[in-house]
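Source file query_0.pdb; content: PDB, C-alpha atoms.
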```pdb
ATOM      1  CA  VAL F   8      -4.276  -5.634 -26.452
ATOM      2  CA  GLY F   9      -1.858  -4.822 -23.630
ATOM      3  CA  ASP F  10      -3.128  -7.683 -21.457
ATOM      4  CA  THR F  11      -2.929 -10.095 -24.367
ATOM      5  CA  ALA F  12       0.635  -9.039 -25.127
ATOM      6  CA  MET F  13       1.621  -9.526 -21.487
ATOM      7  CA  ARG F  14       0.100 -13.022 -21.451
ATOM      8  CA  ILE F  15       2.017 -13.913 -24.601
ATOM      9  CA  LEU F  16       5.233 -12.584 -23.087
ATOM     10  CA  ARG F  17       4.685 -14.484 -19.836
ATOM     11  CA  LEU F  18       4.297 -17.652 -21.873
ATOM     12  CA  ALA F  19       6.985 -17.005 -24.476
ATOM     13  CA  ILE F  20       9.817 -15.783 -22.247
ATOM     14  CA  PRO F  21      10.084 -18.927 -20.061
ATOM     15  CA  ILE F  22       9.836 -21.170 -23.138
ATOM     16  CA  THR F  23      12.580 -19.197 -24.886
ATOM     17  CA  ILE F  24      14.788 -19.307 -21.798
ATOM     18  CA  GLY F  25      14.186 -23.034 -21.429
ATOM     19  CA  ALA F  26      14.999 -23.761 -25.065
ATOM     20  CA  THR F  27      18.167 -21.673 -24.870
ATOM     21  CA  GLY F  28      19.199 -23.296 -21.604
ATOM     22  CA  LEU F  29      18.662 -26.761 -23.042
ATOM     23  CA  GLN F  30      20.855 -25.947 -26.035
ATOM     24  CA  ILE F  31      23.580 -24.706 -23.708
ATOM     25  CA  ILE F  32      23.296 -27.879 -21.631
ATOM     26  CA  ASN F  33      23.525 -29.997 -24.785
ATOM     27  CA  ALA F  34      26.649 -28.122 -25.868
ATOM     28  CA  ILE F  35      28.226 -28.643 -22.448
ATOM     29  CA  GLY F  36      27.233 -32.306 -22.608
ATOM     30  CA  SER F  37      29.017 -32.751 -25.926
ATOM     31  CA  GLY F  38      32.169 -31.292 -24.435
ATOM     32  CA  ILE F  39      31.901 -33.538 -21.383
ATOM     33  CA  ILE F  40      31.472 -36.669 -23.487
ATOM     34  CA  LEU F  41      34.445 -35.978 -25.737
ATOM     35  CA  GLY F  42      36.532 -34.820 -22.793
ATOM     36  CA  ARG F  43      35.825 -37.923 -20.721
ATOM     37  CA  LEU F  44      36.482 -40.246 -23.653
ATOM     38  CA  GLN F  45      39.842 -38.625 -24.409
ATOM     39  CA  ASP F  46      41.146 -37.374 -21.068
ATOM     40  CA  THR F  47      39.770 -39.998 -18.687
ATOM     41  CA  LEU F  48      39.672 -43.105 -20.854
ATOM     42  CA  GLY F  49      42.644 -42.142 -23.022
ATOM     43  CA  TYR F  50      40.935 -42.637 -26.369
ATOM     44  CA  GLU F  51      42.403 -40.937 -29.402
ATOM     45  CA  LEU F  52      40.391 -38.120 -30.979
ATOM     46  CA  SER F  53      39.380 -40.290 -33.933
ATOM     47  CA  LYS F  54      37.965 -43.033 -31.706
ATOM     48  CA  ALA F  55      36.263 -40.567 -29.376
ATOM     49  CA  SER F  56      34.698 -38.759 -32.327
ATOM     50  CA  SER F  57      33.565 -42.074 -33.819
ATOM     51  CA  LEU F  58      31.862 -43.101 -30.573
ATOM     52  CA  TYR F  59      30.225 -39.700 -30.225
ATOM     53  CA  GLY F  60      29.034 -39.965 -33.818
ATOM     54  CA  VAL F  61      27.348 -43.276 -33.038
ATOM     55  CA  TYR F  62      25.579 -41.633 -30.101
ATOM     56  CA  ALA F  63      24.546 -38.600 -32.191
ATOM     57  CA  MET F  64      23.084 -40.793 -34.938
ATOM     58  CA  ALA F  65      21.175 -42.804 -32.343
ATOM     59  CA  GLN F  66      19.831 -39.551 -30.915
ATOM     60  CA  THR F  67      18.371 -38.718 -34.327
ATOM     61  CA  LEU F  68      16.262 -41.870 -34.101
ATOM     62  CA  TYR F  69      15.511 -41.147 -30.428
ATOM     63  CA  LEU F  70      13.876 -37.852 -31.458
ATOM     64  CA  LEU F  71      11.885 -39.417 -34.296
ATOM     65  CA  PRO F  72       8.799 -40.503 -32.265
ATOM     66  CA  SER F  73       8.440 -36.971 -30.897
ATOM     67  CA  ALA F  74       7.560 -35.799 -34.423
ATOM     68  CA  LEU F  75       4.275 -37.688 -33.978
ATOM     69  CA  ILE F  76       3.603 -35.911 -30.685
ATOM     70  CA  GLN F  77       4.309 -32.296 -31.686
ATOM     71  CA  PRO F  78       1.011 -31.834 -33.597
ATOM     72  CA  LEU F  79      -0.852 -33.234 -30.588
ATOM     73  CA  THR F  80       0.698 -30.695 -28.218
ATOM     74  CA  VAL F  81       0.007 -27.818 -30.617
ATOM     75  CA  SER F  82      -3.685 -28.650 -30.811
ATOM     76  CA  MET F  83      -4.023 -29.531 -27.126
ATOM     77  CA  ILE F  84      -2.837 -26.230 -25.607
ATOM     78  CA  PRO F  85      -5.698 -24.059 -26.974
ATOM     79  CA  ALA F  86      -8.262 -26.765 -26.231
ATOM     80  CA  VAL F  87      -7.232 -27.064 -22.586
ATOM     81  CA  THR F  88      -6.810 -23.303 -22.235
ATOM     82  CA  GLU F  89     -10.343 -22.762 -23.558
ATOM     83  CA  ALA F  90     -11.774 -25.220 -21.044
ATOM     84  CA  LEU F  91      -9.875 -23.550 -18.195
ATOM     85  CA  THR F  92     -11.007 -20.090 -19.337
ATOM     86  CA  LEU F  93     -14.610 -21.298 -19.178
ATOM     87  CA  CYS F  94     -13.900 -22.650 -15.660
ATOM     88  CA  ASN F  95     -14.671 -26.154 -16.892
ATOM     89  CA  ASP F  96     -12.000 -28.045 -14.972
ATOM     90  CA  THR F  97     -13.650 -31.389 -15.655
ATOM     91  CA  ASP F  98     -13.451 -30.894 -19.416
ATOM     92  CA  ALA F  99      -9.846 -29.683 -19.116
ATOM     93  CA  ARG F 100      -8.823 -32.784 -17.173
ATOM     94  CA  LYS F 101     -10.653 -34.986 -19.670
ATOM     95  CA  LYS F 102      -8.747 -33.434 -22.571
ATOM     96  CA  GLU F 103      -5.449 -33.725 -20.719
ATOM     97  CA  LYS F 104      -6.008 -37.399 -19.951
ATOM     98  CA  SER F 105      -7.012 -38.059 -23.554
ATOM     99  CA  ALA F 106      -3.856 -36.359 -24.808
ATOM    100  CA  LEU F 107      -1.654 -38.339 -22.432
ATOM    101  CA  ARG F 108      -3.390 -41.569 -23.387
ATOM    102  CA  LEU F 109      -2.980 -40.900 -27.104
ATOM    103  CA  ALA F 110       0.663 -39.901 -26.636
ATOM    104  CA  ALA F 111       1.336 -43.101 -24.713
ATOM    105  CA  MET F 112      -0.368 -45.173 -27.424
ATOM    106  CA  LEU F 113       1.967 -43.635 -30.006
ATOM    107  CA  ALA F 114       5.165 -43.276 -28.003
ATOM    108  CA  LEU F 115       5.357 -46.584 -26.162
ATOM    109  CA  PRO F 116       5.172 -48.844 -29.246
ATOM    110  CA  ALA F 117       7.548 -46.540 -31.143
ATOM    111  CA  GLY F 118      10.046 -46.537 -28.282
ATOM    112  CA  ALA F 119       9.759 -50.280 -27.821
ATOM    113  CA  GLY F 120      10.287 -50.824 -31.543
ATOM    114  CA  LEU F 121      13.425 -48.685 -31.556
ATOM    115  CA  SER F 122      14.747 -50.534 -28.523
ATOM    116  CA  VAL F 123      13.984 -54.084 -29.675
ATOM    117  CA  LEU F 124      15.085 -53.503 -33.277
ATOM    118  CA  ALA F 125      17.978 -51.179 -32.436
ATOM    119  CA  ALA F 126      20.662 -53.178 -34.214
ATOM    120  CA  PRO F 127      18.747 -54.055 -37.426
ATOM    121  CA  ILE F 128      17.432 -50.478 -37.806
ATOM    122  CA  GLN F 129      20.884 -48.924 -37.579
ATOM    123  CA  ARG F 130      22.473 -51.582 -39.749
ATOM    124  CA  LEU F 131      19.853 -50.841 -42.414
ATOM    125  CA  LEU F 132      19.939 -47.034 -42.161
ATOM    126  CA  TYR F 133      23.597 -46.398 -41.433
ATOM    127  CA  GLY F 134      25.319 -49.497 -42.793
ATOM    128  CA  TYR F 135      27.231 -50.158 -39.569
ATOM    129  CA  ASP F 136      29.612 -53.090 -39.453
ATOM    130  CA  ASP F 137      29.518 -55.727 -36.723
ATOM    131  CA  ALA F 138      32.024 -53.917 -34.498
ATOM    132  CA  THR F 139      30.074 -50.659 -34.595
ATOM    133  CA  ILE F 140      26.761 -52.422 -34.012
ATOM    134  CA  LEU F 141      28.141 -53.778 -30.735
ATOM    135  CA  VAL F 142      28.160 -50.163 -29.522
ATOM    136  CA  ALA F 143      25.315 -48.664 -31.559
ATOM    137  CA  GLY F 144      22.816 -51.410 -30.690
ATOM    138  CA  PRO F 145      22.862 -50.994 -26.891
ATOM    139  CA  THR F 146      22.998 -47.202 -27.281
ATOM    140  CA  LEU F 147      19.750 -47.096 -29.249
ATOM    141  CA  MET F 148      18.191 -49.716 -26.972
ATOM    142  CA  ILE F 149      18.551 -47.258 -24.091
ATOM    143  CA  LEU F 150      17.529 -44.227 -26.127
ATOM    144  CA  GLY F 151      14.550 -46.064 -27.588
ATOM    145  CA  ILE F 152      13.081 -46.553 -24.125
ATOM    146  CA  ALA F 153      13.959 -42.960 -23.218
ATOM    147  CA  SER F 154      12.178 -41.657 -26.331
ATOM    148  CA  ALA F 155       8.820 -42.734 -24.913
ATOM    149  CA  GLY F 156       9.525 -40.654 -21.829
ATOM    150  CA  TYR F 157      10.570 -37.703 -23.957
ATOM    151  CA  CYS F 158       7.267 -37.831 -25.824
ATOM    152  CA  LEU F 159       5.358 -37.725 -22.541
ATOM    153  CA  ILE F 160       7.528 -34.792 -21.448
ATOM    154  CA  LEU F 161       6.326 -32.848 -24.486
ATOM    155  CA  VAL F 162       2.689 -33.492 -23.584
ATOM    156  CA  THR F 163       3.115 -32.644 -19.901
ATOM    157  CA  ASN F 164       4.987 -29.479 -20.900
ATOM    158  CA  ALA F 165       2.007 -28.487 -23.049
ATOM    159  CA  ILE F 166      -0.374 -29.158 -20.171
ATOM    160  CA  LEU F 167       1.700 -26.975 -17.854
ATOM    161  CA  GLN F 168       1.772 -24.211 -20.462
ATOM    162  CA  ALA F 169      -2.000 -24.385 -20.816
ATOM    163  CA  HIS F 170      -2.253 -23.906 -17.048
ATOM    164  CA  GLY F 171       0.055 -20.904 -17.214
ATOM    165  CA  LYS F 172       2.930 -22.799 -15.580
ATOM    166  CA  ALA F 173       5.472 -22.560 -18.374
ATOM    167  CA  ALA F 174       8.132 -21.427 -15.905
ATOM    168  CA  TYR F 175       7.648 -24.637 -13.907
ATOM    169  CA  ALA F 176       8.138 -26.706 -17.069
ATOM    170  CA  VAL F 177      11.358 -24.796 -17.744
ATOM    171  CA  CYS F 178      12.627 -25.501 -14.221
ATOM    172  CA  ALA F 179      11.843 -29.200 -14.670
ATOM    173  CA  THR F 180      13.715 -29.226 -17.981
ATOM    174  CA  VAL F 181      16.743 -27.524 -16.447
ATOM    175  CA  ALA F 182      16.706 -29.976 -13.526
ATOM    176  CA  GLY F 183      16.635 -32.859 -15.985
ATOM    177  CA  GLY F 184      19.403 -31.281 -18.046
ATOM    178  CA  VAL F 185      21.685 -30.842 -15.038
ATOM    179  CA  THR F 186      21.006 -34.462 -14.046
ATOM    180  CA  ASN F 187      21.921 -35.490 -17.574
ATOM    181  CA  LEU F 188      25.275 -33.699 -17.307
ATOM    182  CA  LEU F 189      26.099 -35.237 -13.934
ATOM    183  CA  VAL F 190      25.145 -38.788 -14.942
ATOM    184  CA  THR F 191      26.974 -38.451 -18.252
ATOM    185  CA  ALA F 192      30.133 -37.111 -16.612
ATOM    186  CA  VAL F 193      30.232 -40.027 -14.163
ATOM    187  CA  LEU F 194      29.207 -42.916 -16.411
ATOM    188  CA  VAL F 195      31.131 -42.004 -19.572
ATOM    189  CA  SER F 196      34.284 -42.179 -17.435
ATOM    190  CA  ASN F 197      33.560 -45.868 -16.824
ATOM    191  CA  PRO F 198      35.542 -47.891 -19.405
ATOM    192  CA  ARG F 199      32.871 -50.609 -19.409
ATOM    193  CA  LEU F 200      30.202 -48.100 -20.408
ATOM    194  CA  HIS F 201      31.979 -45.239 -22.238
ATOM    195  CA  ILE F 202      29.437 -43.833 -24.761
ATOM    196  CA  LEU F 203      26.588 -45.825 -23.194
ATOM    197  CA  GLY F 204      26.958 -43.452 -20.260
ATOM    198  CA  ALA F 205      25.755 -40.618 -22.503
ATOM    199  CA  ALA F 206      22.652 -42.621 -23.451
ATOM    200  CA  LEU F 207      21.993 -43.345 -19.776
ATOM    201  CA  GLY F 208      22.392 -39.634 -19.065
ATOM    202  CA  THR F 209      19.701 -38.886 -21.644
ATOM    203  CA  ALA F 210      17.451 -41.491 -20.019
ATOM    204  CA  ALA F 211      18.077 -39.868 -16.622
ATOM    205  CA  TYR F 212      17.074 -36.500 -18.105
ATOM    206  CA  CYS F 213      13.770 -37.977 -19.284
ATOM    207  CA  VAL F 214      13.018 -39.604 -15.925
ATOM    208  CA  VAL F 215      13.778 -36.507 -13.834
ATOM    209  CA  THR F 216      11.979 -34.073 -16.141
ATOM    210  CA  LEU F 217       8.889 -36.247 -16.465
ATOM    211  CA  VAL F 218       8.665 -36.863 -12.715
ATOM    212  CA  CYS F 219       8.998 -33.119 -12.030
ATOM    213  CA  ASN F 220       6.300 -32.325 -14.587
ATOM    214  CA  MET F 221       3.942 -34.874 -13.047
ATOM    215  CA  LEU F 222       4.302 -33.529  -9.502
TER
END
```
Could you render the structure from this file as structure tokens?
Amino acid sequence: VGDTAMRILRLAIPITIGATGLQIINAIGSGIILGRLQDTLGYELSKASSLYGVYAMAQTLYLLPSALIQPLTVSMIPAVTEALTLCNDTDARKKEKSALRLAAMLALPAGAGLSVLAAPIQRLLYGYDDATILVAGPTLMILGIASAGYCLILVTNAILQAHGKAAYAVCATVAGGVTNLLVTAVLVSNPRLHILGAALGTAAYCVVTLVCNML
């Protein structure tokens, strides 16, 4: 029982730290976005809040495809762990590749659909006018592509956890989160990009985290 409890703790503690750290990074990111829009670009609070609201609503759709991936990761971890426990590395790799392939089959079309149909989807769901769509459309186009990467991050995180490398997944997530903050801080300050910089920061997070997980 003691060994089992220690294994659970070794798995749970890094995941908890990573989730907490990501929430802190997200909170800092929100402050950076609003601060850059108001202090650097000189937008009034109402306009800055409106732009941030557009980004937040687009993020809701960005996270939607990951709901299809969560059940896959939950079922994959014990399956891969069992194969590794039995020293069947071939079976473990086969299950990992199957999970990645299935995730890609779900995530890539979903992300592409969000990106290509960004404007009509938001006009239908949120009732945006033409002026708002000019901002909301490109924002979701970027986040739609990023959502596919986020789905693959979830699967690679699960694979790392199954291999007992949850701490590595946490480090990759933190590295991606810090990259997100830096990219957001720089690009949101650009008057030609403003809130699009936040979407590009999210995309940068996905790229860095996924690359780190795949190493």
Would you mind listing, for every residue of segment 29-105 of chain F within 9 Å of segment 188-197 of chain F, the two atoms forming the shortest contact and the distance between them in Å to one decimal, using all atoms listed in the file, sorted by chain and ascending residue number, as JSON lines?
```
{"residue": "F:Ile32", "atom": "CA", "partner": "F:Leu188", "partner_atom": "CA", "distance": 7.5}
{"residue": "F:Asn33", "atom": "CA", "partner": "F:Leu188", "partner_atom": "CA", "distance": 8.5}
{"residue": "F:Ile35", "atom": "CA", "partner": "F:Leu188", "partner_atom": "CA", "distance": 7.8}
{"residue": "F:Gly36", "atom": "CA", "partner": "F:Leu188", "partner_atom": "CA", "distance": 5.8}
{"residue": "F:Ile39", "atom": "CA", "partner": "F:Ala192", "partner_atom": "CA", "distance": 6.2}
{"residue": "F:Ile40", "atom": "CA", "partner": "F:Val195", "partner_atom": "CA", "distance": 6.6}
{"residue": "F:Arg43", "atom": "CA", "partner": "F:Ser196", "partner_atom": "CA", "distance": 5.6}
{"residue": "F:Leu44", "atom": "CA", "partner": "F:Ser196", "partner_atom": "CA", "distance": 6.9}
{"residue": "F:Thr47", "atom": "CA", "partner": "F:Ser196", "partner_atom": "CA", "distance": 6.0}
{"residue": "F:Leu48", "atom": "CA", "partner": "F:Ser196", "partner_atom": "CA", "distance": 6.4}
```
* Name every residue that the PyMOL selection byres ((chain F and resi 66) around 12) selects in this structure, writing the answer as an NGL selection string with chains first and numbers rising. => :F and (33 or 59-65 or 67-73 or 121 or 125 or 129 or 143 or 146-154 or 157 or 205-207 or 209-210)
Listing only residues of segment 113-181 of chain F within 6 Å of segment 211-218 of chain F, what is the closest atom pair and its distance in Å (to one decimal) for each, using all atoms listed in the file, sorted by chain and residue number ascending, as JSON lines?
```
{"residue": "F:Gly156", "atom": "CA", "partner": "F:Cys213", "partner_atom": "CA", "distance": 5.6}
{"residue": "F:Tyr157", "atom": "CA", "partner": "F:Cys213", "partner_atom": "CA", "distance": 5.7}
{"residue": "F:Ile160", "atom": "CA", "partner": "F:Leu217", "partner_atom": "CA", "distance": 5.4}
{"residue": "F:Ala179", "atom": "CA", "partner": "F:Thr216", "partner_atom": "CA", "distance": 5.1}
{"residue": "F:Thr180", "atom": "CA", "partner": "F:Thr216", "partner_atom": "CA", "distance": 5.5}
```
* To do: Have a look at F:Leu109, F:Val81, F:Ala119, F:Leu29 and name the one nearest to Ala182 of chain F; count all atoms listed in the file.
  =>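 Closest to Ala182 of chain F of all the choices is F:Leu29.
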* **Distance in Å - atom CA of Arg17 of chain F versus atom CA of Pro78 of chain F** => 22.4 Å
* Could you please determine the separation between atom CA of Ser105 of chain F and atom CA of Cys158 of chain F in Å, to one decimal place? => 14.5 Å
* Structure fact -> Expressed in Å, the length from atom CA of Ile15 of chain F to atom CA of Thr88 of chain F is 13.1 Å
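Residue selection for this entry, given the PyMOL selection byres ((chain F and resi 139) around 10), comprises Ser57, Leu58, Val61, Ala126, Gln129, Arg130, Gly134, Tyr135, Asp136, Asp137, Ala138, Ile140, Leu141, Val142, Ala143 and Gly144 of chain F.
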* To do: Would you mind listing what lies within 10 Å of segment 175-177 of chain F as a PyMOL selection string, with all atoms listed in the file counted and same-chain residues fewer than 4 positions away left out?
  => chain F and resi 21-26+28-29+160-161+163-168+171+181-183+216-217+219-220
Give, as lines of an AutoDock Vina configuration file, the centre coordinates and the x, y and z edge lengths in Å to one decimal for an axis-aligned box around all listed atoms of segment 12-16 of chain F, padded by 3 Å on each side.
```
center_x = 2.7
center_y = -11.5
center_z = -23.3
size_x = 11.1
size_y = 10.9
size_z = 9.7
```
* Between F:Ser37, F:Ala74, F:Tyr133, F:Ala86, which one has atoms that come closest to Ser56 of chain F, using all atoms listed in the file? ->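 Between F:Ser37, F:Ala74, F:Tyr133, F:Ala86, the residue approaching Ser56 of chain F most closely is F:Ser37.
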* Shortest interatomic distance to Ser122 of chain F - which of F:Pro85, F:Asn95, F:Ile20, F:Pro145, counting all atoms listed in the file ->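 Smallest separation from Ser122 of chain F among the options: F:Pro145.
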* Shell around Lys102 of chain F at 9 Å using all atoms listed in the file, local window under 5 positions removed, as a VMD selection string -> chain F and resid 83 86 to 87 90 97 107
Would you save the residues of that selection, restricted to C-alpha atoms, as a PDB file, keeping the file's coordinate frame?
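Result file follows (result_16.pdb):
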```
ATOM      1  CA  MET F  83      -4.023 -29.531 -27.126  1.00  0.00           C
ATOM      2  CA  ALA F  86      -8.262 -26.765 -26.231  1.00  0.00           C
ATOM      3  CA  VAL F  87      -7.232 -27.064 -22.586  1.00  0.00           C
ATOM      4  CA  ALA F  90     -11.774 -25.220 -21.044  1.00  0.00           C
ATOM      5  CA  THR F  97     -13.650 -31.389 -15.655  1.00  0.00           C
ATOM      6  CA  LEU F 107      -1.654 -38.339 -22.432  1.00  0.00           C
TER       7      LEU F 107
END
```
Completed segment 79-90 of chain F (all heavy atoms) as a PDB file, in the coordinates of the input:
```pdb
ATOM      1  N   LEU F  79       0.085 -33.026 -31.696  1.00  0.00           N
ATOM      2  CA  LEU F  79      -0.852 -33.234 -30.588  1.00  0.00           C
ATOM      3  C   LEU F  79      -0.738 -32.117 -29.561  1.00  0.00           C
ATOM      4  O   LEU F  79      -1.742 -31.584 -29.087  1.00  0.00           O
ATOM      5  CB  LEU F  79      -0.585 -34.593 -29.939  1.00  0.00           C
ATOM      6  CG  LEU F  79      -1.380 -34.927 -28.674  1.00  0.00           C
ATOM      7  CD1 LEU F  79      -2.864 -35.003 -28.992  1.00  0.00           C
ATOM      8  CD2 LEU F  79      -0.894 -36.254 -28.077  1.00  0.00           C
ATOM      9  N   THR F  80       0.504 -31.744 -29.219  1.00  0.00           N
ATOM     10  CA  THR F  80       0.698 -30.695 -28.218  1.00  0.00           C
ATOM     11  C   THR F  80       0.215 -29.343 -28.734  1.00  0.00           C
ATOM     12  O   THR F  80      -0.349 -28.543 -27.985  1.00  0.00           O
ATOM     13  CB  THR F  80       2.172 -30.593 -27.814  1.00  0.00           C
ATOM     14  OG1 THR F  80       2.969 -30.240 -28.948  1.00  0.00           O
ATOM     15  CG2 THR F  80       2.678 -31.921 -27.267  1.00  0.00           C
ATOM     16  N   VAL F  81       0.431 -29.095 -30.035  1.00  0.00           N
ATOM     17  CA  VAL F  81       0.007 -27.818 -30.617  1.00  0.00           C
ATOM     18  C   VAL F  81      -1.503 -27.655 -30.555  1.00  0.00           C
ATOM     19  O   VAL F  81      -2.020 -26.568 -30.253  1.00  0.00           O
ATOM     20  CB  VAL F  81       0.506 -27.709 -32.078  1.00  0.00           C
ATOM     21  CG1 VAL F  81      -0.123 -26.503 -32.779  1.00  0.00           C
ATOM     22  CG2 VAL F  81       2.019 -27.594 -32.115  1.00  0.00           C
ATOM     23  N   SER F  82      -2.221 -28.726 -30.829  1.00  0.00           N
ATOM     24  CA  SER F  82      -3.685 -28.650 -30.811  1.00  0.00           C
ATOM     25  C   SER F  82      -4.259 -28.737 -29.400  1.00  0.00           C
ATOM     26  O   SER F  82      -5.366 -28.258 -29.143  1.00  0.00           O
ATOM     27  CB  SER F  82      -4.273 -29.773 -31.674  1.00  0.00           C
ATOM     28  OG  SER F  82      -3.898 -31.045 -31.160  1.00  0.00           O
ATOM     29  N   MET F  83      -3.504 -29.325 -28.474  1.00  0.00           N
ATOM     30  CA  MET F  83      -4.023 -29.531 -27.126  1.00  0.00           C
ATOM     31  C   MET F  83      -4.012 -28.249 -26.298  1.00  0.00           C
ATOM     32  O   MET F  83      -4.935 -27.992 -25.516  1.00  0.00           O
ATOM     33  CB  MET F  83      -3.202 -30.601 -26.412  1.00  0.00           C
ATOM     34  CG  MET F  83      -3.749 -30.984 -25.049  1.00  0.00           C
ATOM     35  SD  MET F  83      -2.562 -31.963 -24.112  1.00  0.00           S
ATOM     36  CE  MET F  83      -1.309 -30.731 -23.780  1.00  0.00           C
ATOM     37  N   ILE F  84      -2.971 -27.423 -26.448  1.00  0.00           N
ATOM     38  CA  ILE F  84      -2.837 -26.230 -25.607  1.00  0.00           C
ATOM     39  C   ILE F  84      -4.057 -25.316 -25.713  1.00  0.00           C
ATOM     40  O   ILE F  84      -4.648 -24.948 -24.685  1.00  0.00           O
ATOM     41  CB  ILE F  84      -1.542 -25.468 -25.936  1.00  0.00           C
ATOM     42  CG1 ILE F  84      -0.334 -26.302 -25.525  1.00  0.00           C
ATOM     43  CG2 ILE F  84      -1.512 -24.118 -25.218  1.00  0.00           C
ATOM     44  CD1 ILE F  84       0.996 -25.668 -25.895  1.00  0.00           C
ATOM     45  N   PRO F  85      -4.508 -24.928 -26.915  1.00  0.00           N
ATOM     46  CA  PRO F  85      -5.698 -24.059 -26.974  1.00  0.00           C
ATOM     47  C   PRO F  85      -6.965 -24.745 -26.470  1.00  0.00           C
ATOM     48  O   PRO F  85      -7.836 -24.087 -25.891  1.00  0.00           O
ATOM     49  CB  PRO F  85      -5.804 -23.699 -28.459  1.00  0.00           C
ATOM     50  CG  PRO F  85      -5.011 -24.720 -29.181  1.00  0.00           C
ATOM     51  CD  PRO F  85      -3.916 -25.124 -28.258  1.00  0.00           C
ATOM     52  N   ALA F  86      -7.063 -26.052 -26.684  1.00  0.00           N
ATOM     53  CA  ALA F  86      -8.262 -26.765 -26.231  1.00  0.00           C
ATOM     54  C   ALA F  86      -8.355 -26.773 -24.709  1.00  0.00           C
ATOM     55  O   ALA F  86      -9.414 -26.508 -24.129  1.00  0.00           O
ATOM     56  CB  ALA F  86      -8.243 -28.194 -26.763  1.00  0.00           C
ATOM     57  N   VAL F  87      -7.238 -27.057 -24.051  1.00  0.00           N
ATOM     58  CA  VAL F  87      -7.232 -27.064 -22.586  1.00  0.00           C
ATOM     59  C   VAL F  87      -7.379 -25.651 -22.045  1.00  0.00           C
ATOM     60  O   VAL F  87      -8.101 -25.419 -21.073  1.00  0.00           O
ATOM     61  CB  VAL F  87      -5.932 -27.712 -22.064  1.00  0.00           C
ATOM     62  CG1 VAL F  87      -5.834 -27.579 -20.542  1.00  0.00           C
ATOM     63  CG2 VAL F  87      -5.868 -29.178 -22.459  1.00  0.00           C
ATOM     64  N   THR F  88      -6.706 -24.697 -22.669  1.00  0.00           N
ATOM     65  CA  THR F  88      -6.810 -23.303 -22.235  1.00  0.00           C
ATOM     66  C   THR F  88      -8.242 -22.805 -22.324  1.00  0.00           C
ATOM     67  O   THR F  88      -8.726 -22.097 -21.429  1.00  0.00           O
ATOM     68  CB  THR F  88      -5.890 -22.406 -23.089  1.00  0.00           C
ATOM     69  OG1 THR F  88      -4.542 -22.861 -22.976  1.00  0.00           O
ATOM     70  CG2 THR F  88      -5.969 -20.959 -22.628  1.00  0.00           C
ATOM     71  N   GLU F  89      -8.943 -23.165 -23.395  1.00  0.00           N
ATOM     72  CA  GLU F  89     -10.343 -22.762 -23.558  1.00  0.00           C
ATOM     73  C   GLU F  89     -11.203 -23.324 -22.430  1.00  0.00           C
ATOM     74  O   GLU F  89     -12.029 -22.617 -21.846  1.00  0.00           O
ATOM     75  CB  GLU F  89     -10.877 -23.249 -24.904  1.00  0.00           C
ATOM     76  CG  GLU F  89     -12.342 -22.894 -25.147  1.00  0.00           C
ATOM     77  CD  GLU F  89     -12.879 -23.498 -26.422  1.00  0.00           C
ATOM     78  OE1 GLU F  89     -12.208 -24.376 -27.006  1.00  0.00           O
ATOM     79  OE2 GLU F  89     -13.985 -23.105 -26.831  1.00  0.00           O
ATOM     80  N   ALA F  90     -10.992 -24.602 -22.115  1.00  0.00           N
ATOM     81  CA  ALA F  90     -11.774 -25.220 -21.044  1.00  0.00           C
ATOM     82  C   ALA F  90     -11.489 -24.544 -19.701  1.00  0.00           C
ATOM     83  O   ALA F  90     -12.403 -24.306 -18.902  1.00  0.00           O
ATOM     84  CB  ALA F  90     -11.465 -26.713 -20.961  1.00  0.00           C
TER      85      ALA F  90
END
```
